[in-house]
file data24.pdb (PDB, C-alpha atoms)
ATOM      1  CA  MET A   8       0.000   0.000   0.000
ATOM      2  CA  LYS A   9       1.382   3.418  -0.961
ATOM      3  CA  ASP A  10       2.193   5.907   1.791
ATOM      4  CA  LEU A  11      -0.006   8.746   0.496
ATOM      5  CA  ALA A  12       0.783  11.157   3.351
ATOM      6  CA  ARG A  13       4.548  10.748   2.813
ATOM      7  CA  LEU A  14       4.159  11.254  -0.940
ATOM      8  CA  ARG A  15       2.370  14.543  -0.216
ATOM      9  CA  THR A  16       4.892  15.881   2.309
ATOM     10  CA  ALA A  17       7.939  14.895   4.353
ATOM     11  CA  ILE A  18       6.506  16.732   7.347
ATOM     12  CA  LYS A  19       4.640  14.614   9.902
ATOM     13  CA  GLU A  20       1.286  15.791  11.199
ATOM     14  CA  SER A  21       2.617  16.457  14.714
ATOM     15  CA  VAL A  22       5.400  18.697  13.335
ATOM     16  CA  GLU A  23       2.953  20.476  11.005
ATOM     17  CA  LEU A  24       0.654  21.186  13.950
ATOM     18  CA  ALA A  25       3.528  22.442  16.128
ATOM     19  CA  LEU A  26       4.865  24.717  13.347
ATOM     20  CA  ASN A  27       1.401  26.181  12.773
ATOM     21  CA  GLN A  28       1.144  26.903  16.499
ATOM     22  CA  GLN A  29       4.576  28.556  16.296
ATOM     23  CA  ILE A  30       3.405  30.709  13.376
ATOM     24  CA  GLN A  31       0.540  31.901  15.546
ATOM     25  CA  MET A  32       2.881  32.582  18.461
ATOM     26  CA  GLU A  33       5.206  34.680  16.274
ATOM     27  CA  MET A  34       2.246  36.647  14.905
ATOM     28  CA  VAL A  35       0.958  37.281  18.432
ATOM     29  CA  SER A  36       4.481  38.462  19.365
ATOM     30  CA  SER A  37       4.437  40.782  16.373
ATOM     31  CA  SER A  38       1.092  42.202  17.496
ATOM     32  CA  LYS A  39       2.319  42.650  21.097
ATOM     33  CA  TYR A  40       5.458  44.477  19.925
ATOM     34  CA  LEU A  41       3.351  46.725  17.719
ATOM     35  CA  ALA A  42       1.211  47.633  20.757
ATOM     36  CA  MET A  43       4.417  48.346  22.716
ATOM     37  CA  ALA A  44       5.700  50.530  19.867
ATOM     38  CA  GLY A  45       2.417  52.456  19.869
ATOM     39  CA  TRP A  46       2.597  53.013  23.643
ATOM     40  CA  CYS A  47       6.204  54.262  23.397
ATOM     41  CA  ASP A  48       5.246  56.567  20.513
ATOM     42  CA  ARG A  49       2.314  58.017  22.516
ATOM     43  CA  ASN A  50       4.589  58.660  25.484
ATOM     44  CA  GLY A  51       7.321  60.467  23.554
ATOM     45  CA  LEU A  52       9.816  57.579  23.607
ATOM     46  CA  ASP A  53      10.660  57.764  19.926
ATOM     47  CA  HIS A  54      13.766  55.587  20.006
ATOM     48  CA  CYS A  55      12.083  52.774  21.930
ATOM     49  CA  ALA A  56       9.098  53.049  19.577
ATOM     50  CA  GLY A  57      11.472  52.534  16.633
ATOM     51  CA  PHE A  58      13.033  49.560  18.426
ATOM     52  CA  PHE A  59       9.633  47.876  18.923
ATOM     53  CA  TYR A  60       8.436  48.648  15.367
ATOM     54  CA  LYS A  61      11.528  46.801  14.161
ATOM     55  CA  GLN A  62      10.912  43.932  16.603
ATOM     56  CA  SER A  63       7.324  43.660  15.373
ATOM     57  CA  ASP A  64       8.527  43.373  11.750
ATOM     58  CA  GLU A  65      11.108  40.766  12.762
ATOM     59  CA  GLU A  66       8.515  38.583  14.508
ATOM     60  CA  ARG A  67       6.315  38.676  11.423
ATOM     61  CA  HIS A  68       9.333  37.698   9.346
ATOM     62  CA  HIS A  69       9.918  34.726  11.679
ATOM     63  CA  ALA A  70       6.306  33.614  11.191
ATOM     64  CA  MET A  71       6.508  33.998   7.403
ATOM     65  CA  LYS A  72       9.714  31.972   7.257
ATOM     66  CA  LEU A  73       7.857  29.034   8.862
ATOM     67  CA  PHE A  74       4.767  29.662   6.707
ATOM     68  CA  HIS A  75       6.803  29.464   3.473
ATOM     69  CA  TYR A  76       8.692  26.418   4.746
ATOM     70  CA  LEU A  77       5.446  24.514   5.357
ATOM     71  CA  CYS A  78       4.057  25.493   1.942
ATOM     72  CA  ASP A  79       7.302  24.581   0.148
ATOM     73  CA  GLN A  80       7.359  21.159   1.828
ATOM     74  CA  GLY A  81       3.818  20.341   0.698
ATOM     75  CA  ALA A  82       2.342  20.718   4.185
ATOM     76  CA  THR A  83      -0.528  23.012   5.128
ATOM     77  CA  ALA A  84       0.201  26.421   6.654
ATOM     78  CA  TYR A  85      -2.745  28.176   8.277
ATOM     79  CA  SER A  86      -3.107  31.927   8.489
ATOM     80  CA  PRO A  87      -3.346  32.305  12.276
ATOM     81  CA  GLU A  88      -5.961  33.916  14.451
ATOM     82  CA  VAL A  89      -4.410  36.750  16.464
ATOM     83  CA  PRO A  90      -6.314  37.596  19.661
ATOM     84  CA  ALA A  91      -6.511  41.102  21.125
ATOM     85  CA  VAL A  92      -3.338  42.183  22.963
ATOM     86  CA  ALA A  93      -2.773  44.705  25.783
ATOM     87  CA  GLN A  94      -2.437  48.277  24.488
ATOM     88  CA  GLU A  95      -1.605  50.055  27.747
ATOM     89  CA  PHE A  96       1.352  49.585  30.099
ATOM     90  CA  ASP A  97       2.201  50.912  33.561
ATOM     91  CA  SER A  98       5.764  51.973  32.743
ATOM     92  CA  LEU A  99       8.669  51.534  30.340
ATOM     93  CA  ARG A 100       9.957  48.833  32.655
ATOM     94  CA  SER A 101       6.718  46.847  32.391
ATOM     95  CA  VAL A 102       6.959  47.098  28.581
ATOM     96  CA  PHE A 103      10.406  45.501  28.582
ATOM     97  CA  GLU A 104       9.366  42.935  31.202
ATOM     98  CA  GLY A 105       6.541  41.931  28.868
ATOM     99  CA  ALA A 106       9.016  41.706  25.974
ATOM    100  CA  LEU A 107      11.341  39.424  27.952
ATOM    101  CA  GLU A 108       8.461  37.162  29.045
ATOM    102  CA  GLN A 109       7.328  36.866  25.438
ATOM    103  CA  GLU A 110      10.828  35.967  24.239
ATOM    104  CA  VAL A 111      11.225  33.329  26.973
ATOM    105  CA  SER A 112       7.950  31.670  25.975
ATOM    106  CA  VAL A 113       9.014  31.691  22.294
ATOM    107  CA  THR A 114      12.361  30.073  23.211
ATOM    108  CA  ASP A 115      10.561  27.380  25.242
ATOM    109  CA  SER A 116       8.240  26.729  22.320
ATOM    110  CA  ILE A 117      11.123  26.404  19.818
ATOM    111  CA  ASN A 118      12.886  23.951  22.136
ATOM    112  CA  ARG A 119       9.675  21.912  22.447
ATOM    113  CA  ILE A 120       9.314  21.708  18.650
ATOM    114  CA  ILE A 121      12.923  20.564  18.280
ATOM    115  CA  GLY A 122      12.030  17.764  20.726
ATOM    116  CA  ILE A 123       9.100  16.783  18.472
ATOM    117  CA  CYS A 124      11.365  16.868  15.378
ATOM    118  CA  ARG A 125      13.848  14.547  17.061
ATOM    119  CA  ARG A 126      11.070  12.159  18.076
ATOM    120  CA  GLU A 127       9.791  12.123  14.460
ATOM    121  CA  SER A 128      13.320  12.007  12.915
ATOM    122  CA  ASP A 129      12.555  15.244  11.022
ATOM    123  CA  TYR A 130      16.113  16.509  10.570
ATOM    124  CA  ALA A 131      15.254  19.093   7.905
ATOM    125  CA  THR A 132      12.881  20.966  10.222
ATOM    126  CA  GLU A 133      15.360  20.661  13.083
ATOM    127  CA  GLU A 134      18.005  22.264  10.852
ATOM    128  CA  LEU A 135      15.647  25.160  10.104
ATOM    129  CA  LEU A 136      14.882  25.595  13.797
ATOM    130  CA  LYS A 137      18.575  25.943  14.661
ATOM    131  CA  TRP A 138      18.362  29.430  13.137
ATOM    132  CA  TYR A 139      15.540  30.219  15.572
ATOM    133  CA  VAL A 140      17.604  28.935  18.526
ATOM    134  CA  LYS A 141      20.377  31.451  17.720
ATOM    135  CA  GLU A 142      17.834  34.190  17.118
ATOM    136  CA  GLN A 143      16.164  33.578  20.483
ATOM    137  CA  MET A 144      19.471  33.659  22.330
ATOM    138  CA  GLU A 145      20.003  37.122  20.849
ATOM    139  CA  GLU A 146      16.443  38.321  21.585
ATOM    140  CA  GLU A 147      16.550  37.207  25.213
ATOM    141  CA  TYR A 148      19.940  38.894  25.710
ATOM    142  CA  ILE A 149      18.655  42.202  24.331
ATOM    143  CA  ALA A 150      15.505  42.181  26.495
ATOM    144  CA  ARG A 151      17.527  41.348  29.639
ATOM    145  CA  ARG A 152      20.154  43.999  28.885
ATOM    146  CA  CYS A 153      17.425  46.608  28.425
ATOM    147  CA  LEU A 154      15.979  45.752  31.846
ATOM    148  CA  GLU A 155      19.476  46.080  33.349
ATOM    149  CA  LEU A 156      19.860  49.525  31.776
ATOM    150  CA  ILE A 157      16.466  50.610  33.154
ATOM    151  CA  ASP A 158      17.784  49.682  36.616
ATOM    152  CA  GLN A 159      21.158  51.387  36.079
ATOM    153  CA  ILE A 160      20.119  54.686  34.465
ATOM    154  CA  PRO A 161      18.311  57.177  36.768
ATOM    155  CA  SER A 162      14.667  57.575  35.807
ATOM    156  CA  ASP A 163      14.972  61.375  35.425
ATOM    157  CA  GLN A 164      17.355  60.863  32.468
ATOM    158  CA  ILE A 165      14.512  59.586  30.307
ATOM    159  CA  TYR A 166      15.809  60.971  26.984
ATOM    160  CA  TYR A 167      19.194  59.278  27.491
ATOM    161  CA  LEU A 168      17.487  56.053  28.634
ATOM    162  CA  ASP A 169      15.231  56.040  25.573
ATOM    163  CA  LYS A 170      18.234  56.430  23.237
ATOM    164  CA  LYS A 171      20.361  53.889  25.098
ATOM    165  CA  LEU A 172      17.658  51.174  25.176
ATOM    166  CA  ALA A 173      17.084  51.396  21.443
ATOM    167  CA  SER A 174      20.799  50.983  20.733
ATOM    168  CA  VAL A 175      21.221  47.634  22.526
ATOM    169  CA  THR A 176      22.439  44.906  20.185
ATOM    170  CA  TYR A 177      23.971  41.490  20.625
ATOM    171  CA  ASP A 178      27.247  41.132  18.758
ATOM    172  CA  GLY A 179      28.769  38.300  20.771
ATOM    173  CA  ASN A 180      27.026  35.369  19.122
ATOM    174  CA  VAL A 181      29.268  32.445  20.011
ATOM    175  CA  PHE A 182      27.837  30.330  17.178
ATOM    176  CA  ASP A 183      29.237  32.715  14.548
ATOM    177  CA  GLU A 184      32.858  32.337  15.648
TER     178      GLU A 184
ATOM    179  CA  MET B 202     -22.683   0.028   0.101
ATOM    180  CA  THR B 203     -19.689  -2.233   0.850
ATOM    181  CA  SER B 204     -20.930  -4.825  -1.681
ATOM    182  CA  ASN B 205     -19.734  -2.942  -4.800
ATOM    183  CA  VAL B 206     -16.196  -2.032  -3.768
ATOM    184  CA  PRO B 207     -13.812  -1.436  -6.720
ATOM    185  CA  THR B 208     -10.898  -3.864  -6.907
ATOM    186  CA  THR B 209      -8.360  -1.020  -6.548
ATOM    187  CA  TYR B 210      -9.665  -0.195  -3.065
ATOM    188  CA  GLN B 211      -7.681  -1.602  -0.140
ATOM    189  CA  GLU B 212      -9.313  -1.637   3.250
ATOM    190  CA  VAL B 213      -7.452   0.514   5.784
ATOM    191  CA  PHE B 214      -9.750   0.266   8.795
ATOM    192  CA  ARG B 215     -13.287  -0.875   9.508
ATOM    193  CA  THR B 216     -15.785  -0.514  12.325
ATOM    194  CA  ASP B 217     -19.405  -1.674  12.342
ATOM    195  CA  LYS B 218     -20.432   1.891  11.370
ATOM    196  CA  GLY B 219     -18.139   2.463   8.415
ATOM    197  CA  VAL B 220     -14.922   1.759   6.590
ATOM    198  CA  VAL B 221     -11.913   3.650   5.182
ATOM    199  CA  TYR B 222     -10.279   2.432   1.969
ATOM    200  CA  GLN B 223      -7.174   3.556   0.105
ATOM    201  CA  CYS B 224      -6.982   3.591  -3.689
ATOM    202  CA  ASP B 225      -3.359   3.536  -4.894
ATOM    203  CA  ALA B 226      -4.473   4.120  -8.504
ATOM    204  CA  SER B 227      -6.137   7.466  -7.765
ATOM    205  CA  TYR B 228      -4.071   8.411  -4.669
ATOM    206  CA  ARG B 229      -7.302   8.827  -2.725
ATOM    207  CA  LEU B 230      -8.653   7.771   0.649
ATOM    208  CA  ILE B 231     -12.293   6.765   0.614
ATOM    209  CA  LEU B 232     -14.542   7.185   3.626
ATOM    210  CA  GLU B 233     -17.669   5.057   3.716
ATOM    211  CA  PHE B 234     -19.928   6.267   6.506
ATOM    212  CA  TRP B 235     -23.605   6.959   6.993
ATOM    213  CA  ASN B 236     -24.492   5.278   3.648
ATOM    214  CA  THR B 237     -22.251   7.666   1.701
ATOM    215  CA  ARG B 238     -18.889   7.227   0.060
ATOM    216  CA  THR B 239     -16.536  10.230  -0.029
ATOM    217  CA  GLN B 240     -13.127  10.477  -1.659
ATOM    218  CA  PHE B 241     -10.371  12.553  -0.073
ATOM    219  CA  SER B 242      -6.814  13.464  -0.981
ATOM    220  CA  ALA B 243      -4.348  12.641   1.816
ATOM    221  CA  ARG B 244      -4.259  16.348   2.753
ATOM    222  CA  ASP B 245      -8.060  16.680   2.865
ATOM    223  CA  PHE B 246      -8.398  13.472   4.849
ATOM    224  CA  ALA B 247      -6.023  14.839   7.528
ATOM    225  CA  HIS B 248      -7.914  18.154   7.480
ATOM    226  CA  PHE B 249     -11.294  16.425   7.829
ATOM    227  CA  ARG B 250     -10.022  14.220  10.659
ATOM    228  CA  ARG B 251      -8.868  17.344  12.525
ATOM    229  CA  MET B 252     -12.284  18.952  11.938
ATOM    230  CA  VAL B 253     -13.977  15.943  13.545
ATOM    231  CA  GLU B 254     -11.386  15.790  16.323
ATOM    232  CA  THR B 255     -11.885  19.423  17.356
ATOM    233  CA  ILE B 256     -15.688  19.270  17.749
ATOM    234  CA  ASP B 257     -16.548  20.131  21.357
ATOM    235  CA  ILE B 258     -18.592  17.021  22.208
ATOM    236  CA  ARG B 259     -18.637  17.995  25.900
ATOM    237  CA  GLN B 260     -20.518  21.160  24.989
ATOM    238  CA  MET B 261     -22.912  19.099  22.834
ATOM    239  CA  ALA B 262     -23.550  16.696  25.703
ATOM    240  CA  LEU B 263     -24.127  19.380  28.348
ATOM    241  CA  SER B 264     -26.040  21.992  26.348
ATOM    242  CA  THR B 265     -29.839  22.013  26.213
ATOM    243  CA  ALA B 266     -29.898  24.314  23.146
ATOM    244  CA  ALA B 267     -31.352  22.729  20.016
ATOM    245  CA  SER B 268     -28.433  24.079  17.959
ATOM    246  CA  ASP B 269     -26.048  21.891  19.983
ATOM    247  CA  ASP B 270     -27.924  18.669  19.162
ATOM    248  CA  VAL B 271     -26.115  18.291  15.840
ATOM    249  CA  GLU B 272     -22.859  19.427  14.261
ATOM    250  CA  ILE B 273     -22.727  20.344  10.574
ATOM    251  CA  LEU B 274     -19.449  19.471   8.872
ATOM    252  CA  THR B 275     -18.699  20.677   5.361
ATOM    253  CA  LEU B 276     -16.435  18.257   3.578
ATOM    254  CA  PRO B 277     -13.281  19.747   2.006
ATOM    255  CA  ARG B 278     -13.649  20.430  -1.744
ATOM    256  CA  SER B 279     -17.176  19.019  -1.810
ATOM    257  CA  GLU B 280     -20.719  20.320  -1.820
ATOM    258  CA  ARG B 281     -21.751  17.560   0.545
ATOM    259  CA  CYS B 282     -22.016  18.032   4.282
ATOM    260  CA  TYR B 283     -22.515  15.757   7.259
ATOM    261  CA  VAL B 284     -25.134  16.590   9.886
ATOM    262  CA  LEU B 285     -23.982  14.512  12.824
ATOM    263  CA  THR B 286     -25.402  13.729  16.244
ATOM    264  CA  LEU B 287     -23.159  13.231  19.252
ATOM    265  CA  CYS B 288     -23.191   9.431  18.844
ATOM    266  CA  GLU B 289     -22.372   9.669  15.136
ATOM    267  CA  ILE B 290     -19.419  11.967  15.893
ATOM    268  CA  VAL B 291     -18.058   9.424  18.378
ATOM    269  CA  HIS B 292     -18.436   6.647  15.782
ATOM    270  CA  LEU B 293     -16.811   8.787  13.077
ATOM    271  CA  ARG B 294     -13.900   9.657  15.376
ATOM    272  CA  GLU B 295     -13.339   5.990  16.135
ATOM    273  CA  LEU B 296     -13.276   5.198  12.424
ATOM    274  CA  LEU B 297     -10.991   8.090  11.404
ATOM    275  CA  ASN B 298      -8.562   7.601  14.300
ATOM    276  CA  GLY B 299      -8.360   3.885  13.593
ATOM    277  CA  ALA B 300      -7.633   4.643   9.935
ATOM    278  CA  LYS B 301      -4.939   7.154  10.928
ATOM    279  CA  LEU B 302      -3.304   4.571  13.170
ATOM    280  CA  MET B 303      -3.164   2.060  10.312
ATOM    281  CA  LEU B 304      -1.832   4.699   7.882
ATOM    282  CA  ASP B 305       0.863   5.643  10.428
ATOM    283  CA  LEU B 306       1.725   1.971  10.821
ATOM    284  CA  ASN B 307       2.047   1.684   7.028
ATOM    285  CA  SER B 308       4.409   4.702   7.063
ATOM    286  CA  MET B 309       6.528   3.181   9.828
ATOM    287  CA  LEU B 310       6.778  -0.123   7.992
ATOM    288  CA  ARG B 311       7.836   1.656   4.800
ATOM    289  CA  GLU B 312      10.484   3.631   6.701
ATOM    290  CA  CYS B 313      11.851   0.273   7.900
ATOM    291  CA  GLY B 314      11.831  -1.052   4.330
ATOM    292  CA  CYS B 315       8.839  -3.357   4.917
ATOM    293  CA  THR B 316       5.377  -3.289   3.307
ATOM    294  CA  LEU B 317       1.980  -4.505   4.342
ATOM    295  CA  PRO B 318       0.945  -7.676   2.464
ATOM    296  CA  GLN B 319      -1.090  -6.977  -0.686
ATOM    297  CA  PRO B 320      -4.647  -8.316  -0.734
ATOM    298  CA  ALA B 321      -5.190 -11.463  -2.827
TER     299      ALA B 321
END

call {"tool": "encode", "arguments": {"input": "data24.pdb", "output": "structure tokens"}}
result
Amino acid sequence: MKDLARLRTAIKESVELALNQQIQMEMVSSSKYLAMAGWCDRNGLDHCAGFFYKQSDEERHHAMKLFHYLCDQGATAYSPEVPAVAQEFDSLRSVFEGALEQEVSVTDSINRIIGICRRESDYATEELLKWYVKEQMEEEYIARRCLELIDQIPSDQIYYLDKKLASVTYDGNVFDE
Amino acid sequence: MTSNVPTTYQEVFRTDKGVVYQCDASYRLILEFWNTRTQFSARDFAHFRRMVETIDIRQMALSTAASDDVEILTLPRSERCYVLTLCEIVHLRELLNGAKLMLDLNSMLRECGCTLPQPA
């Protein structure tokens, strides 16, 4: 008997389901970052607003990368439902705390999917997800560093803080050496 | 319905309420249930199985609203639809999940270089 599912796609149903859930998670992240960018913009934090606009675009790019991968492999990618996200925040600190929490949950999710790939012997998807592992290491570093800077820079130096937070990058990726 | 089964159909899984066949000639899976026979591509079959799997049967069982007595399922790429009661959904789930198990087993055997014996 022919294996019709395998002839259609190399991706197992469990991996397809997990990747579709990841697409939704990335799109929700994108929406959350857009709300954060809007809050920063409203409160005169132009540099942080720019930082979150860029983050929002990046998260959408992450989702689209998975979406195209599923389509190219013959699997089904679903356009995700994005629920309403919080639009108001107590402070700049709570914005960055929210960003870090979001990044941690994305990292956990990526690690869980790699576990599924290994169980299903899906090495191609695992290879793709290695890019996400590196990306998440970078994202978590940036969010943590921003929270450190909020603690270190006096709150009355808000213009300097705004500029400094938006300039945080991670250039010490050990995987690139 | 099961009396005039084409020779290219191979039985994948059967319950007393229905049967799933595979046709290697047309690359289709055939669901025989509720006195109907429906052909699916492998993709549509997986999609339909998920549709059946995600029906909230708890809500159907607990609700007193008439609208929760039945669930209407539109078949992928077809004008036909199923109007199913709670019991029929349970029977359909049993059939589709059993078929999935056998299809997964076929995949595993193929990955090991084995094949299921061909029918006589």

call {"tool": "interface_residues", "arguments": {"input": "data24.pdb", "of": "chain B", "to": "chain A", "cutoff": "7 Å", "atoms": "all atoms listed in the file", "output": "PyMOL selection string"}}
result
chain B and resi 225+228+243+307-308+317

call {"tool": "residues_around", "arguments": {"input": "data24.pdb", "residues": "Ile231 of chain B", "least_positions_apart": "2", "cutoff": "6 Å", "atoms": "all atoms listed in the file", "output": "PyMOL selection string"}}
result
chain B and resi 221-222+239-240

call {"tool": "write_last_selection", "arguments": {"input": "data24.pdb", "atoms": "C-alpha atoms", "output": "compact mmCIF listing (two decimals), in the coordinates of the input"}}
result
# COMPACT_ATOMS: atom_id res chain seq x y z
CA VAL B 221 -11.91 3.65 5.18
CA TYR B 222 -10.28 2.43 1.97
CA THR B 239 -16.54 10.23 -0.03
CA GLN B 240 -13.13 10.48 -1.66

call {"tool": "residues_around", "arguments": {"input": "data24.pdb", "residues": "Arg119 of chain A", "least_positions_apart": "3", "cutoff": "12 Å", "atoms": "all atoms listed in the file", "output": "CSV table (one decimal) with C-alpha atoms, in the coordinates of the input"}}
result
chain,number,residue,atom,x,y,z
A,21,SER,CA,2.6,16.5,14.7
A,22,VAL,CA,5.4,18.7,13.3
A,25,ALA,CA,3.5,22.4,16.1
A,26,LEU,CA,4.9,24.7,13.3
A,28,GLN,CA,1.1,26.9,16.5
A,29,GLN,CA,4.6,28.6,16.3
A,112,SER,CA,8.0,31.7,26.0
A,113,VAL,CA,9.0,31.7,22.3
A,114,THR,CA,12.4,30.1,23.2
A,115,ASP,CA,10.6,27.4,25.2
A,116,SER,CA,8.2,26.7,22.3
A,122,GLY,CA,12.0,17.8,20.7
A,123,ILE,CA,9.1,16.8,18.5
A,124,CYS,CA,11.4,16.9,15.4
A,125,ARG,CA,13.8,14.5,17.1
A,126,ARG,CA,11.1,12.2,18.1
A,133,GLU,CA,15.4,20.7,13.1
A,136,LEU,CA,14.9,25.6,13.8
A,140,VAL,CA,17.6,28.9,18.5

call {"tool": "closest_residue", "arguments": {"input": "data24.pdb", "among": "A:Ile157, A:Ala17, A:Leu172, A:Ala150", "to": "Asp79 of chain A", "atoms": "only C-alpha atoms"}}
result
A:Ala17

call {"tool": "residues_around", "arguments": {"input": "data24.pdb", "residues": "Thr286 of chain B", "least_positions_apart": "4", "cutoff": "8 Å", "atoms": "all atoms listed in the file", "output": "ChimeraX atom specification"}}
result
/B:270-272,290

call {"tool": "residues_around", "arguments": {"input": "data24.pdb", "residues": "segment 65-67 of chain A", "least_positions_apart": "6", "cutoff": "8 Å", "atoms": "all atoms listed in the file", "output": "PyMOL selection string"}}
result
chain A and resi 33-34+36-37

call {"tool": "closest_residue", "arguments": {"input": "data24.pdb", "among": "B:Leu304, B:Val253, B:Leu285, B:Leu293", "to": "Leu230 of chain B", "atoms": "all atoms listed in the file"}}
result
B:Leu304

call {"tool": "residues_around", "arguments": {"input": "data24.pdb", "residues": "Tyr60 of chain A", "least_positions_apart": "2", "cutoff": "9 Å", "atoms": "only C-alpha atoms", "output": "count of residues only"}}
result
14

call {"tool": "resolve_selection", "arguments": {"input": "data24.pdb", "expression": "the PyMOL selection byres ((chain B and resi 257) around 12)", "output": "list in words"}}
result
Met252, Val253, Glu254, Thr255, Ile256, Ile258, Arg259, Gln260, Met261, Ala262, Leu263, Ser264, Asp269, Asp270, Val271, Glu272, Leu287, Ile290 and Val291 of chain B

call {"tool": "atom_distance", "arguments": {"input": "data24.pdb", "atom1": "atom CA of Glu127 of chain A", "atom2": "atom CA of Leu24 of chain A"}}
result
12.9 Å

call {"tool": "resolve_selection", "arguments": {"input": "data24.pdb", "expression": "the PyMOL selection byres ((chain B and resi 216) around 12)", "output": "VMD selection string"}}
result
chain B and resid 212 to 215 217 to 221 232 to 234 291 to 300

call {"tool": "closest_residue", "arguments": {"input": "data24.pdb", "among": "A:Asn118, A:Asn27, A:Asn50, A:Tyr166", "to": "Tyr76 of chain A", "atoms": "only C-alpha atoms"}}
result
A:Asn27

call {"tool": "atom_distance", "arguments": {"input": "data24.pdb", "atom1": "atom CA of Leu306 of chain B", "atom2": "atom CA of Cys224 of chain B"}}
result
17.0 Å

call {"tool": "atom_distance", "arguments": {"input": "data24.pdb", "atom1": "atom CA of Val35 of chain A", "atom2": "atom CA of Arg152 of chain A"}}
result
22.9 Å

call {"tool": "axis_aligned_box", "arguments": {"input": "data24.pdb", "around": "segment 50-61 of chain A", "padding_each_side": "8 Å", "output": "AutoDock Vina command-line options"}}
result
--center_x 9.2 --center_y 53.6 --center_z 19.8 --size_x 25.2 --size_y 29.7 --size_z 27.3

call {"tool": "resolve_selection", "arguments": {"input": "data24.pdb", "expression": "the PyMOL selection byres ((chain A and resi 102) around 12)", "output": "number ranges by chain"}}
result
A: 39-47, 52, 55-56, 59, 93-101, 103-109, 150, 153-154, 157, 172

call {"tool": "build_atoms", "arguments": {"input": "data24.pdb", "residues": "segment 300-314 of chain B", "atoms": "N, CA and C atoms", "output": "PDB file, keeping the file's coordinate frame"}}
result
ATOM      1  N   ALA B 300      -8.245   4.574  11.268  1.00  0.00           N
ATOM      2  CA  ALA B 300      -7.633   4.643   9.935  1.00  0.00           C
ATOM      3  C   ALA B 300      -6.284   5.351  10.012  1.00  0.00           C
ATOM      4  N   LYS B 301      -6.208   6.419  10.802  1.00  0.00           N
ATOM      5  CA  LYS B 301      -4.939   7.154  10.928  1.00  0.00           C
ATOM      6  C   LYS B 301      -3.867   6.245  11.524  1.00  0.00           C
ATOM      7  N   LEU B 302      -4.255   5.493  12.534  1.00  0.00           N
ATOM      8  CA  LEU B 302      -3.304   4.571  13.170  1.00  0.00           C
ATOM      9  C   LEU B 302      -2.742   3.586  12.143  1.00  0.00           C
ATOM     10  N   MET B 303      -3.624   3.030  11.314  1.00  0.00           N
ATOM     11  CA  MET B 303      -3.164   2.060  10.312  1.00  0.00           C
ATOM     12  C   MET B 303      -2.296   2.729   9.245  1.00  0.00           C
ATOM     13  N   LEU B 304      -2.645   3.967   8.869  1.00  0.00           N
ATOM     14  CA  LEU B 304      -1.832   4.699   7.882  1.00  0.00           C
ATOM     15  C   LEU B 304      -0.451   5.023   8.466  1.00  0.00           C
ATOM     16  N   ASP B 305      -0.419   5.386   9.758  1.00  0.00           N
ATOM     17  CA  ASP B 305       0.863   5.643  10.428  1.00  0.00           C
ATOM     18  C   ASP B 305       1.700   4.371  10.489  1.00  0.00           C
ATOM     19  N   LEU B 306       1.022   3.257  10.758  1.00  0.00           N
ATOM     20  CA  LEU B 306       1.725   1.971  10.821  1.00  0.00           C
ATOM     21  C   LEU B 306       2.322   1.642   9.449  1.00  0.00           C
ATOM     22  N   ASN B 307       1.556   1.906   8.397  1.00  0.00           N
ATOM     23  CA  ASN B 307       2.047   1.684   7.028  1.00  0.00           C
ATOM     24  C   ASN B 307       3.295   2.540   6.764  1.00  0.00           C
ATOM     25  N   SER B 308       3.258   3.803   7.222  1.00  0.00           N
ATOM     26  CA  SER B 308       4.409   4.702   7.063  1.00  0.00           C
ATOM     27  C   SER B 308       5.634   4.149   7.786  1.00  0.00           C
ATOM     28  N   MET B 309       5.411   3.698   9.022  1.00  0.00           N
ATOM     29  CA  MET B 309       6.528   3.181   9.828  1.00  0.00           C
ATOM     30  C   MET B 309       7.139   1.945   9.179  1.00  0.00           C
ATOM     31  N   LEU B 310       6.272   1.084   8.655  1.00  0.00           N
ATOM     32  CA  LEU B 310       6.778  -0.123   7.992  1.00  0.00           C
ATOM     33  C   LEU B 310       7.594   0.234   6.757  1.00  0.00           C
ATOM     34  N   ARG B 311       7.118   1.227   6.012  1.00  0.00           N
ATOM     35  CA  ARG B 311       7.836   1.656   4.800  1.00  0.00           C
ATOM     36  C   ARG B 311       9.198   2.261   5.161  1.00  0.00           C
ATOM     37  N   GLU B 312       9.216   3.038   6.258  1.00  0.00           N
ATOM     38  CA  GLU B 312      10.484   3.631   6.701  1.00  0.00           C
ATOM     39  C   GLU B 312      11.484   2.541   7.068  1.00  0.00           C
ATOM     40  N   CYS B 313      10.973   1.402   7.548  1.00  0.00           N
ATOM     41  CA  CYS B 313      11.851   0.273   7.900  1.00  0.00           C
ATOM     42  C   CYS B 313      12.141  -0.610   6.688  1.00  0.00           C
ATOM     43  N   GLY B 314      11.592  -0.254   5.540  1.00  0.00           N
ATOM     44  CA  GLY B 314      11.831  -1.052   4.330  1.00  0.00           C
ATOM     45  C   GLY B 314      10.876  -2.222   4.188  1.00  0.00           C
TER      46      GLY B 314
END
